[in-house]
$ cat run06.csv   # CSV, C-alpha atoms and all ligand atoms
chain,number,residue,atom,x,y,z
A,268,MET,CA,-10.2,1.7,32.7
A,269,LYS,CA,-7.6,4.0,31.3
A,270,PHE,CA,-5.9,3.4,28.0
A,271,ILE,CA,-3.5,5.0,25.6
A,272,HIS,CA,-3.8,4.2,21.9
A,273,ILE,CA,-0.9,4.7,19.5
A,274,ALA,CA,-0.2,3.5,15.9
A,275,ASP,CA,2.2,3.5,13.1
A,276,LEU,CA,5.4,4.0,15.0
A,277,HIS,CA,7.4,2.8,11.9
A,278,LEU,CA,10.5,2.1,14.0
A,279,GLY,CA,13.5,1.5,11.8
A,280,ALA,CA,12.4,4.1,9.2
A,281,GLU,CA,14.9,6.7,8.2
A,282,PRO,CA,12.8,9.7,7.2
A,283,ASP,CA,14.5,12.2,4.8
A,284,ALA,CA,17.7,10.2,5.0
A,285,GLY,CA,20.7,12.3,3.8
A,286,ARG,CA,19.3,15.6,5.0
A,287,ALA,CA,21.3,17.6,7.5
A,288,TYR,CA,18.6,17.6,10.1
A,289,SER,CA,17.7,13.9,9.8
A,290,GLN,CA,20.8,12.2,11.2
A,291,ASN,CA,19.2,11.2,14.4
A,292,ARG,CA,15.6,11.0,13.1
A,293,SER,CA,15.5,7.1,13.4
A,294,GLN,CA,16.5,7.5,17.1
A,295,GLU,CA,13.8,10.1,17.6
A,296,LEU,CA,11.1,7.6,16.7
A,297,TRP,CA,12.3,5.4,19.6
A,298,GLU,CA,12.5,8.4,21.9
A,299,THR,CA,9.0,9.5,21.3
A,300,LEU,CA,7.8,6.0,22.0
A,301,GLN,CA,9.7,6.1,25.3
A,302,SER,CA,8.0,9.4,26.2
A,303,VAL,CA,4.6,7.7,25.7
A,304,LEU,CA,5.8,4.9,27.9
A,305,GLU,CA,6.7,7.4,30.6
A,306,VAL,CA,3.2,8.8,30.5
A,307,CYS,CA,1.8,5.3,30.9
A,308,GLU,CA,4.1,4.8,33.9
A,309,GLU,CA,3.3,8.2,35.5
A,310,GLU,CA,-0.4,7.9,35.0
A,311,GLN,CA,-0.6,4.1,35.7
A,312,THR,CA,-2.4,3.6,32.4
A,313,ASP,CA,-4.1,0.2,32.3
A,314,LEU,CA,-3.7,-0.6,28.7
A,315,LEU,CA,-1.4,0.6,25.9
A,316,LEU,CA,-3.0,-0.3,22.6
A,317,ILE,CA,-0.7,-0.4,19.5
A,318,ALA,CA,-2.7,-0.5,16.2
A,319,GLY,CA,0.0,-1.9,13.9
A,320,ASP,CA,3.0,-0.9,11.9
A,321,ILE,CA,5.2,-0.7,15.0
A,322,PHE,CA,8.1,-1.4,12.6
A,323,HIS,CA,8.7,0.1,9.2
A,324,GLY,CA,9.7,-3.3,7.8
A,325,GLN,CA,10.5,-6.7,9.2
A,326,PRO,CA,11.8,-6.2,12.7
A,327,LEU,CA,15.3,-7.3,13.6
A,328,ARG,CA,15.6,-9.6,16.6
A,329,ARG,CA,17.6,-7.0,18.5
A,330,GLU,CA,14.9,-4.4,17.8
A,331,LEU,CA,12.2,-6.7,19.3
A,332,LYS,CA,14.5,-7.2,22.3
A,333,GLU,CA,14.9,-3.5,22.7
A,334,LEU,CA,11.2,-2.8,22.4
A,335,ASN,CA,10.4,-5.6,24.8
A,336,TYR,CA,12.8,-4.2,27.3
A,337,TYR,CA,11.0,-0.8,27.4
A,338,PHE,CA,7.6,-2.6,27.7
A,339,ALA,CA,8.9,-4.7,30.5
A,340,GLU,CA,9.9,-1.7,32.5
A,341,LEU,CA,6.2,-0.7,32.9
A,342,THR,CA,5.1,-1.6,36.4
A,343,HIS,CA,1.3,-1.4,35.7
A,344,THR,CA,0.5,-1.1,32.0
A,345,LYS,CA,-0.4,-4.0,29.8
A,346,VAL,CA,0.5,-3.7,26.2
A,347,VAL,CA,-1.6,-5.2,23.4
A,348,LEU,CA,-0.3,-5.1,19.8
A,349,ILE,CA,-0.9,-6.3,16.3
A,350,ALA,CA,1.2,-6.5,13.2
A,351,GLY,CA,0.3,-4.2,10.3
A,352,ASN,CA,1.0,-4.3,6.6
A,353,HIS,CA,4.6,-2.9,7.0
A,354,ASP,CA,5.7,-5.3,9.7
A,355,TYR,CA,3.4,-8.2,8.5
A,356,ILE,CA,4.3,-11.6,9.8
A,357,ARG,CA,6.4,-13.0,7.1
A,358,LYS,CA,7.5,-16.7,7.1
A,359,ASP,CA,10.8,-15.8,8.6
A,360,SER,CA,9.5,-13.1,10.9
A,361,TYR,CA,11.0,-12.9,14.4
A,362,TYR,CA,7.5,-12.0,15.6
A,363,ARG,CA,6.8,-15.8,15.2
A,364,THR,CA,9.3,-16.9,17.8
A,365,PHE,CA,10.0,-13.9,20.0
A,366,GLN,CA,9.3,-14.3,23.7
A,367,TRP,CA,7.6,-11.2,25.1
A,368,ASN,CA,7.5,-10.1,28.7
A,369,GLU,CA,4.3,-11.2,30.5
A,370,ASN,CA,2.7,-7.7,30.3
A,371,VAL,CA,2.9,-7.8,26.5
A,372,ILE,CA,0.1,-9.5,24.6
A,373,PRO,CA,0.4,-9.7,20.8
A,374,LEU,CA,-2.7,-10.6,18.9
A,375,PHE,CA,-0.9,-12.3,16.1
A,376,GLY,CA,-3.8,-14.4,14.7
A,377,ARG,CA,-4.7,-14.3,11.0
A,378,GLU,CA,-8.3,-14.2,12.2
A,379,LEU,CA,-9.9,-12.2,14.9
A,380,GLU,CA,-8.9,-13.3,18.4
A,381,TYR,CA,-9.2,-11.6,21.8
A,382,VAL,CA,-7.5,-11.3,25.1
A,383,GLU,CA,-9.4,-10.7,28.4
A,384,PHE,CA,-8.4,-8.6,31.3
A,385,PRO,CA,-11.1,-9.5,33.9
A,386,GLU,CA,-9.6,-7.1,36.5
A,387,LEU,CA,-10.3,-4.3,34.0
A,388,ARG,CA,-13.6,-5.8,32.9
A,389,THR,CA,-12.1,-5.4,29.4
A,390,ALA,CA,-11.5,-7.6,26.3
A,391,VAL,CA,-9.4,-6.5,23.4
A,392,TYR,CA,-9.9,-8.0,19.9
A,393,GLY,CA,-7.6,-8.0,17.0
A,394,LEU,CA,-5.8,-9.8,14.1
A,395,SER,CA,-2.5,-9.4,12.3
A,396,TYR,CA,-1.3,-9.1,8.7
A,397,TYR,CA,0.5,-12.1,7.1
A,398,SER,CA,1.0,-10.3,3.8
A,399,ARG,CA,1.5,-6.8,2.6
A,400,GLU,CA,-2.1,-6.5,1.5
A,401,ILE,CA,-5.4,-7.8,2.7
A,402,ARG,CA,-8.2,-7.0,0.3
A,403,GLU,CA,-10.9,-8.8,2.2
A,404,PRO,CA,-13.1,-6.5,4.5
A,405,LEU,CA,-12.1,-8.6,7.6
A,406,TYR,CA,-13.3,-5.9,10.1
A,407,GLU,CA,-16.8,-5.7,8.6
A,408,SER,CA,-17.7,-9.0,10.1
A,409,ALA,CA,-16.1,-8.3,13.5
A,410,PHE,CA,-18.4,-7.8,16.4
A,411,ALA,CA,-18.1,-7.4,20.1
A,412,GLY,CA,-18.9,-10.8,21.7
A,413,GLY,CA,-20.1,-9.6,25.0
A,414,ILE,CA,-17.4,-11.5,26.9
A,415,GLN,CA,-16.4,-8.5,29.1
A,416,GLU,CA,-18.2,-5.3,30.0
A,417,TYR,CA,-15.8,-3.1,27.9
A,418,GLU,CA,-14.8,-4.4,24.5
A,419,ILE,CA,-12.2,-2.8,22.3
A,420,LEU,CA,-11.2,-3.6,18.7
A,421,LEU,CA,-7.6,-3.0,17.6
A,422,ALA,CA,-7.6,-2.7,13.8
A,423,HIS,CA,-5.2,-1.7,11.0
A,424,GLY,CA,-6.1,-0.5,7.5
A,425,GLY,CA,-9.1,1.1,6.0
A,426,ASP,CA,-8.1,1.6,2.4
A,427,GLU,CA,-8.8,-0.6,-0.6
A,428,LYS,CA,-5.8,-2.9,-0.2
A,429,HIS,CA,-5.7,-3.0,3.6
A,430,CYS,CA,-8.9,-4.4,5.2
A,431,PRO,CA,-11.3,-1.9,3.6
A,432,PHE,CA,-14.3,-1.1,5.8
A,433,ARG,CA,-17.4,1.0,5.8
A,434,VAL,CA,-17.5,3.2,8.9
A,435,LYS,CA,-21.2,2.4,9.3
A,436,LYS,CA,-20.3,-1.3,9.7
A,437,LEU,CA,-17.9,-0.5,12.4
A,438,GLU,CA,-20.4,1.7,14.1
A,439,GLU,CA,-22.8,-1.3,14.3
A,440,SER,CA,-20.1,-3.7,15.6
A,441,GLY,CA,-20.9,-3.1,19.3
A,442,PHE,CA,-17.3,-2.3,20.3
A,443,ASP,CA,-17.0,0.5,22.9
A,444,TYR,CA,-13.8,1.7,21.2
A,445,ILE,CA,-12.1,1.0,17.9
A,446,ALA,CA,-8.4,1.8,18.0
A,447,LEU,CA,-7.3,2.3,14.3
A,448,GLY,CA,-3.9,2.4,12.7
A,449,HIS,CA,-2.6,2.7,9.1
A,450,ILE,CA,-3.8,6.2,8.1
A,451,HIS,CA,-1.1,8.5,9.3
A,452,ARG,CA,-3.2,11.6,9.7
A,453,PRO,CA,-5.0,11.6,13.1
A,454,GLN,CA,-8.7,11.6,12.8
A,455,ALA,CA,-11.9,10.5,14.5
A,456,LEU,CA,-14.3,8.6,12.3
A,457,MET,CA,-16.8,8.7,15.1
A,458,LYS,CA,-16.2,10.9,18.2
A,459,ASP,CA,-14.8,9.0,21.2
A,460,ARG,CA,-15.4,5.7,19.5
A,461,ILE,CA,-13.7,5.1,16.2
A,462,ILE,CA,-10.3,6.8,16.0
A,463,TYR,CA,-7.1,6.8,13.9
A,464,ALA,CA,-4.4,7.9,16.4
A,465,GLY,CA,-2.3,8.8,13.4
A,466,ALA,CA,1.4,8.1,13.1
A,467,LEU,CA,3.2,8.7,16.5
A,468,GLU,CA,5.8,10.7,14.6
A,469,PRO,CA,5.4,11.9,11.0
A,470,ILE,CA,7.2,9.5,8.8
A,471,ASP,CA,7.3,11.2,5.4
A,472,ARG,CA,6.7,14.7,4.0
A,473,ASN,CA,3.1,14.1,3.3
A,474,ASP,CA,2.4,13.5,7.0
A,475,VAL,CA,1.8,17.2,7.6
A,476,GLY,CA,0.6,18.7,10.8
A,477,PRO,CA,0.8,17.6,14.4
A,478,HIS,CA,1.2,13.9,15.5
A,479,GLY,CA,0.6,12.2,18.8
A,480,TYR,CA,-1.7,9.7,20.5
A,481,VAL,CA,-5.1,9.1,22.0
A,482,LYS,CA,-5.6,9.0,25.7
A,483,GLY,CA,-8.9,7.5,26.8
A,484,GLU,CA,-11.0,6.3,29.6
A,485,ILE,CA,-13.9,3.9,29.6
A,486,THR,CA,-16.3,4.1,32.6
A,487,GLU,CA,-19.9,3.1,33.1
A,488,ALA,CA,-20.8,6.5,31.8
A,489,GLY,CA,-19.1,5.7,28.5
A,490,VAL,CA,-15.9,6.4,26.6
A,491,HIS,CA,-14.1,9.7,26.8
A,492,THR,CA,-11.0,10.4,24.7
A,493,GLN,CA,-8.6,13.2,24.0
A,494,TRP,CA,-5.9,13.5,21.4
A,495,ILE,CA,-2.5,14.5,22.6
A,496,PRO,CA,0.2,15.9,20.3
A,497,CYS,CA,3.7,14.6,21.3
A,498,ALA,CA,5.8,14.3,18.1
A,499,MET,CA,9.2,16.0,18.2
A,500,ARG,CA,8.9,17.5,14.7
A,501,SER,CA,6.2,18.3,12.2
A,502,TYR,CA,6.1,18.7,8.4
A,503,ILE,CA,4.7,22.2,7.6
A,504,HIS,CA,3.6,23.6,4.3
A,505,LEU,CA,4.1,27.3,4.5
A,506,GLU,CA,3.2,30.1,2.2
A,507,VAL,CA,5.6,33.0,2.1
A,508,PRO,CA,4.2,36.1,0.4
A,509,VAL,CA,6.6,38.0,-1.9
A,510,ASN,CA,6.3,41.5,-3.3
A,511,THR,CA,8.0,43.5,-6.1
A,512,GLU,CA,10.5,45.1,-3.7
A,513,ASP,CA,11.9,41.6,-2.8
A,514,THR,CA,15.3,40.3,-4.0
A,515,MET,CA,16.7,36.8,-3.6
A,516,GLY,CA,18.3,37.9,-0.4
A,517,SER,CA,15.2,39.4,1.2
A,518,VAL,CA,13.1,36.4,0.2
A,519,ARG,CA,15.7,34.1,1.8
A,520,LYS,CA,15.5,36.2,5.0
A,521,LYS,CA,11.7,36.0,5.0
A,522,ILE,CA,11.8,32.3,4.7
A,523,LEU,CA,14.3,32.0,7.6
A,524,GLU,CA,12.2,34.2,9.7
A,525,ALA,CA,9.0,32.2,9.0
A,526,VAL,CA,10.9,29.0,9.8
A,527,LYS,CA,11.9,30.6,13.1
A,528,ASP,CA,8.3,31.6,13.9
A,529,TYR,CA,6.9,28.1,13.2
A,530,GLY,CA,9.7,26.3,14.9
A,531,ALA,CA,13.2,25.6,13.7
A,532,GLU,CA,12.8,21.9,14.6
A,533,ASN,CA,10.1,21.4,11.9
A,534,MET,CA,10.5,20.4,8.3
A,535,TYR,CA,9.2,22.8,5.6
A,536,LYS,CA,7.8,23.0,2.2
A,537,ILE,CA,7.8,26.6,1.4
A,538,ILE,CA,5.5,28.1,-1.2
A,539,LEU,CA,6.3,31.5,-2.5
A,540,THR,CA,3.2,33.5,-3.5
A,541,GLY,CA,2.4,37.0,-4.6
A,542,TYR,CA,3.8,39.2,-7.4
A,543,ARG,CA,7.5,39.5,-7.9
A,544,ASP,CA,9.7,41.9,-9.9
A,545,PRO,CA,9.5,40.5,-13.5
A,546,ASP,CA,13.3,40.5,-13.7
A,547,LEU,CA,13.8,38.4,-10.6
A,548,ARG,CA,14.2,34.6,-10.9
A,549,PHE,CA,14.2,32.5,-7.8
A,550,ASP,CA,16.8,29.8,-7.6
A,551,THR,CA,14.6,27.4,-5.7
A,552,GLU,CA,17.0,24.6,-6.1
A,553,ARG,CA,19.7,26.5,-4.2
A,554,MET,CA,17.3,27.7,-1.5
A,555,ASP,CA,16.2,24.4,-0.2
A,556,ARG,CA,19.7,23.0,0.3
A,557,ASP,CA,20.2,23.9,3.9
A,558,GLY,CA,18.6,22.7,7.2
A,559,ASN,CA,15.1,21.4,7.0
A,560,LEU,CA,13.8,23.3,4.1
A,561,LEU,CA,12.8,20.2,2.1
A,562,GLU,CA,11.3,22.0,-0.9
A,563,VAL,CA,10.8,25.6,-2.1
A,564,ILE,CA,8.1,26.1,-4.7
A,565,ASP,CA,7.8,29.3,-6.6
A,566,GLU,CA,4.2,30.2,-7.3
A,567,THR,CA,4.8,33.9,-7.7
A,568,ALA,CA,3.7,35.8,-10.8
A,569,PRO,CA,5.7,38.7,-12.3
A,570,GLN,CA,4.3,42.2,-11.5
A,571,TYR,CA,4.2,43.8,-15.0
A,572,ASP,CA,3.7,47.5,-15.6
A,573,MET,CA,0.7,47.0,-17.8
A,574,GLU,CA,0.5,50.7,-19.0
A,575,GLU,CA,4.1,50.5,-20.2
A,576,LEU,CA,3.7,47.1,-21.8
A,577,LEU,CA,0.5,48.4,-23.5
A,578,GLN,CA,2.3,51.4,-25.0
A,579,GLU,CA,5.2,49.2,-26.2
A,580,ASN,CA,2.9,46.7,-27.8
A,581,GLU,CA,0.2,48.9,-29.3
A,582,GLY,CA,-1.3,47.1,-32.3
A,583,ASN,CA,0.2,43.7,-31.8
A,584,LEU,CA,-1.4,40.6,-30.2
A,585,LEU,CA,0.1,41.3,-26.7
A,586,GLY,CA,-1.2,44.9,-26.8
A,587,GLU,CA,-4.7,43.6,-27.8
A,588,TYR,CA,-4.6,41.1,-25.1
A,589,ILE,CA,-3.7,43.6,-22.4
A,590,ARG,CA,-6.4,46.1,-23.7
A,591,ARG,CA,-9.0,43.4,-23.3
A,592,PHE,CA,-8.4,42.6,-19.6
A,593,LYS,CA,-6.9,45.9,-18.5
A,594,ASP,CA,-9.8,47.2,-16.5
A,595,CYS,CA,-10.7,44.1,-14.6
A,596,GLU,CA,-10.6,44.0,-10.8
A,597,LYS,CA,-7.6,43.0,-8.9
A,598,ASP,CA,-7.7,39.5,-7.4
A,599,SER,CA,-10.4,38.5,-10.0
A,600,ARG,CA,-9.9,35.4,-12.3
A,601,GLU,CA,-9.7,37.8,-15.3
A,602,TYR,CA,-6.8,39.6,-13.6
A,603,GLN,CA,-5.0,36.3,-13.1
A,604,ALA,CA,-5.7,35.4,-16.7
A,605,LEU,CA,-4.2,38.8,-17.7
A,606,TYR,CA,-1.0,38.0,-15.9
A,607,GLU,CA,-0.7,34.5,-17.0
A,608,GLY,CA,-1.5,35.4,-20.6
A,609,VAL,CA,1.0,38.2,-20.7
A,610,GLU,CA,3.7,35.9,-19.3
A,611,VAL,CA,3.1,33.4,-22.1
A,612,LEU,CA,2.9,36.0,-24.8
A,613,LEU,CA,6.1,37.7,-23.6
A,614,LYS,CA,7.9,34.4,-23.5
A,615,ASN,CA,6.8,33.6,-27.0
A,616,LYS,CA,7.9,37.0,-28.1
A,617,GLY,CA,11.4,35.9,-27.1
A,701,MN,MN,-0.1,0.5,7.5
$ encode --input "run06.csv" --output "structure tokens"
Amino acid sequence: MKFIHIADLHLGAEPDAGRAYSQNRSQELWETLQSVLEVCEEEQTDLLLIAGDIFHGQPLRRELKELNYYFAELTHTKVVLIAGNHDYIRKDSYYRTFQWNENVIPLFGRELEYVEFPELRTAVYGLSYYSREIREPLYESAFAGGIQEYEILLAHGGDEKHCPFRVKKLEESGFDYIALGHIHRPQALMKDRIIYAGALEPIDRNDVGPHGYVKGEITEAGVHTQWIPCAMRSYIHLEVPVNTEDTMGSVRKKILEAVKDYGAENMYKIILTGYRDPDLRFDTERMDRDGNLLEVIDETAPQYDMEELLQENEGNLLGEYIRRFKDCEKDSREYQALYEGVEVLLKNKG
């Protein structure tokens, strides 16, 4: 039985709205889903499991129609989905009345329910959100019923306000595979068995690193999974080292080169590090204006000429301070204290 597990598509979201790069970002979320559906079609994947938060908010009727159209094009794959905390089934939700194609099986119960696929010797269990939060540990009492040979749990949450659970409880639940959603960073809580696929595309700037989906196979020998990156863009936090020779212009060039190296399609938070010429002030506000530089943070320290400063300040507090730390080793904590202290004392001096 071959499956693909995705989660947290957040269709309808507009990440970094207003930025130059992000104009088509909403569309890209749909395109990445389509690329996963193409994989399902090519590989004749048996089940596509979607672990909640398909939509960023309440889905529009036309959005459901659109989604259903793509699902209906699959000639082999069956799609099982649940609603998460973002697209929870509100009183007026179109989820309540929408007619899905026959290969699409929503598990929209408030309590755990299941769907059987006898031809795959598989049952998939799941429940859906009817509110933004569920504080009860609903998954801790879930267990595989032994209805089919292979049993899968589709689940959304894992933090305090969203169906909290202890991993140990899930381990003991008897499911062959637990397809998790809600936490956007892909991670296996237990190898090949309890996995957050992660958001299919990164949705906000904290979703750093690669994103993608889980491809798995369940056979009599057990479960085997692999995680496959497929997102069109990533958020990257990048340190750019600066030295005393650098100017605004040269730092800007360094940043642009780093961005080129790590991929111009990605979104960056740049952290400037190292020692700068004390006279140089970075205008980080201006630097992050263009392209997909979302933020530039200056963590450089000024490179003071300690000998010169010492001579100029012989006898006063600053001079005393420098004398005290002067002989410490570079890169030590004391050295850092020397720099930070000198910076403060100089500032106070006016
Ligand atoms: Mn969620």
$ closest_residue --input "run06.csv" --among "A:Glu330, A:Glu587, A:Asp320, A:Glu310" --to "ligand MN 701 (chain A)" --atoms "all atoms listed in the file"
A:Asp320
$ residues_near_ligand --input "run06.csv" --ligand "ligand MN 701 (chain A)" --cutoff "6 Å" --atoms "all atoms listed in the file" --output "list of chain:residue names"
A:Asp320, A:Gly351, A:Asn352, A:His353, A:His449
$ closest_residue --input "run06.csv" --among "A:Arg548, A:Arg402, A:Arg472, A:Arg591" --to "Glu566 (chain A)" --atoms "only C-alpha atoms"
A:Arg548
$ atom_distance --input "run06.csv" --atom1 "CA of Gln493 (chain A)" --atom2 "CA of Glu309 (chain A)"
17.3 Å
$ atom_distance --input "run06.csv" --atom1 "CA of Ala466 (chain A)" --atom2 "CA of Leu505 (chain A)"
21.2 Å
$ residues_around --input "run06.csv" --residues "Arg519 (chain A)" --least-positions-apart "5" --cutoff "12 Å" --atoms "only C-alpha atoms" --output "list in words"
Val507, Pro508, Val509, Asp513, Thr514, Glu524, Ala525, Val526, Ile537, Leu539, Phe549, Asp550, Thr551, Arg553, Met554, Asp555, Arg556, Asp557, Leu560 and Val563 of chain A
$ atom_distance --input "run06.csv" --atom1 "CA of Leu421 (chain A)" --atom2 "CA of Ile445 (chain A)"
6.0 Å
$ residues_around --input "run06.csv" --residues "region 540-547 of chain A" --least-positions-apart "5" --cutoff "10 Å" --atoms "only C-alpha atoms" --output "list in words"
Glu506, Val507, Pro508, Val509, Asn510, Thr511, Glu512, Asp513, Thr514, Met515, Ile564, Asp565, Glu566, Thr567, Ala568, Pro569, Gln570, Tyr571, Asp572, Tyr606 and Glu610 of chain A
$ residues_around --input "run06.csv" --residues "Val475 (chain A)" --least-positions-apart "5" --cutoff "7 Å" --atoms "all atoms listed in the file" --output "list of chain:residue names"
A:Ser501, A:Tyr502, A:Ile503
$ decode --input "run06.csv" --residues "region 328-395 of chain A" --atoms "C-alpha atoms" --output "compact mmCIF listing (two decimals), in the first residue's frame"
# COMPACT_ATOMS: atom_id res chain seq x y z
CA ARG A 328 -17.25 27.40 -2.10
CA ARG A 329 -15.29 28.01 -5.26
CA GLU A 330 -12.08 27.02 -3.51
CA LEU A 331 -13.61 23.67 -2.52
CA LYS A 332 -14.82 23.22 -6.08
CA GLU A 333 -11.33 23.95 -7.36
CA LEU A 334 -9.71 21.55 -4.93
CA ASN A 335 -12.25 18.83 -5.70
CA TYR A 336 -11.59 19.25 -9.41
CA TYR A 337 -7.88 18.48 -8.94
CA PHE A 338 -8.65 15.51 -6.71
CA ALA A 339 -11.19 14.18 -9.23
CA GLU A 340 -8.54 14.12 -11.95
CA LEU A 341 -6.66 11.40 -10.06
CA THR A 342 -7.33 8.08 -11.78
CA HIS A 343 -6.11 5.81 -8.99
CA THR A 344 -5.48 7.70 -5.76
CA LYS A 345 -8.04 8.01 -2.99
CA VAL A 346 -7.85 11.14 -0.86
CA VAL A 347 -8.60 11.11 2.87
CA LEU A 348 -8.72 14.46 4.68
CA ILE A 349 -9.62 16.12 7.96
CA ALA A 350 -10.30 19.74 8.96
CA GLY A 351 -7.75 21.37 11.29
CA ASN A 352 -7.93 24.37 13.61
CA HIS A 353 -7.53 26.89 10.77
CA ASP A 354 -10.26 25.47 8.51
CA TYR A 355 -12.38 24.11 11.40
CA ILE A 356 -15.97 23.23 10.56
CA ARG A 357 -17.82 26.36 11.60
CA LYS A 358 -21.66 26.47 11.64
CA ASP A 359 -21.74 28.02 8.18
CA SER A 360 -18.78 26.09 6.77
CA TYR A 361 -19.10 24.93 3.17
CA TYR A 362 -17.40 21.74 4.32
CA ARG A 363 -20.79 20.75 5.77
CA THR A 364 -22.62 20.63 2.47
CA PHE A 365 -20.01 20.23 -0.21
CA GLN A 366 -20.33 17.18 -2.48
CA TRP A 367 -16.91 15.66 -3.03
CA ASN A 368 -15.92 13.41 -5.87
CA GLU A 369 -16.20 9.71 -5.01
CA ASN A 370 -12.42 9.26 -4.56
CA VAL A 371 -12.39 11.89 -1.80
CA ILE A 372 -13.28 10.81 1.73
CA PRO A 373 -13.45 13.53 4.39
CA LEU A 374 -13.36 12.37 8.00
CA PHE A 375 -15.48 15.22 9.32
CA GLY A 376 -16.68 13.61 12.57
CA ARG A 377 -16.22 15.38 15.90
CA GLU A 378 -15.20 12.05 17.29
CA LEU A 379 -12.88 9.49 15.84
CA GLU A 380 -14.31 7.67 12.81
CA TYR A 381 -12.74 5.56 10.11
CA VAL A 382 -12.96 4.64 6.47
CA GLU A 383 -12.04 1.20 5.16
CA PHE A 384 -10.30 0.34 1.92
CA PRO A 385 -10.59 -3.47 1.80
CA GLU A 386 -8.78 -3.65 -1.54
CA LEU A 387 -5.80 -2.01 0.20
CA ARG A 388 -6.33 -3.96 3.43
CA THR A 389 -6.24 -0.53 5.06
CA ALA A 390 -8.37 1.56 7.41
CA VAL A 391 -7.81 5.28 8.02
CA TYR A 392 -9.03 6.90 11.26
CA GLY A 393 -9.52 10.56 11.98
CA LEU A 394 -11.64 13.38 13.36
CA SER A 395 -12.08 17.07 12.55
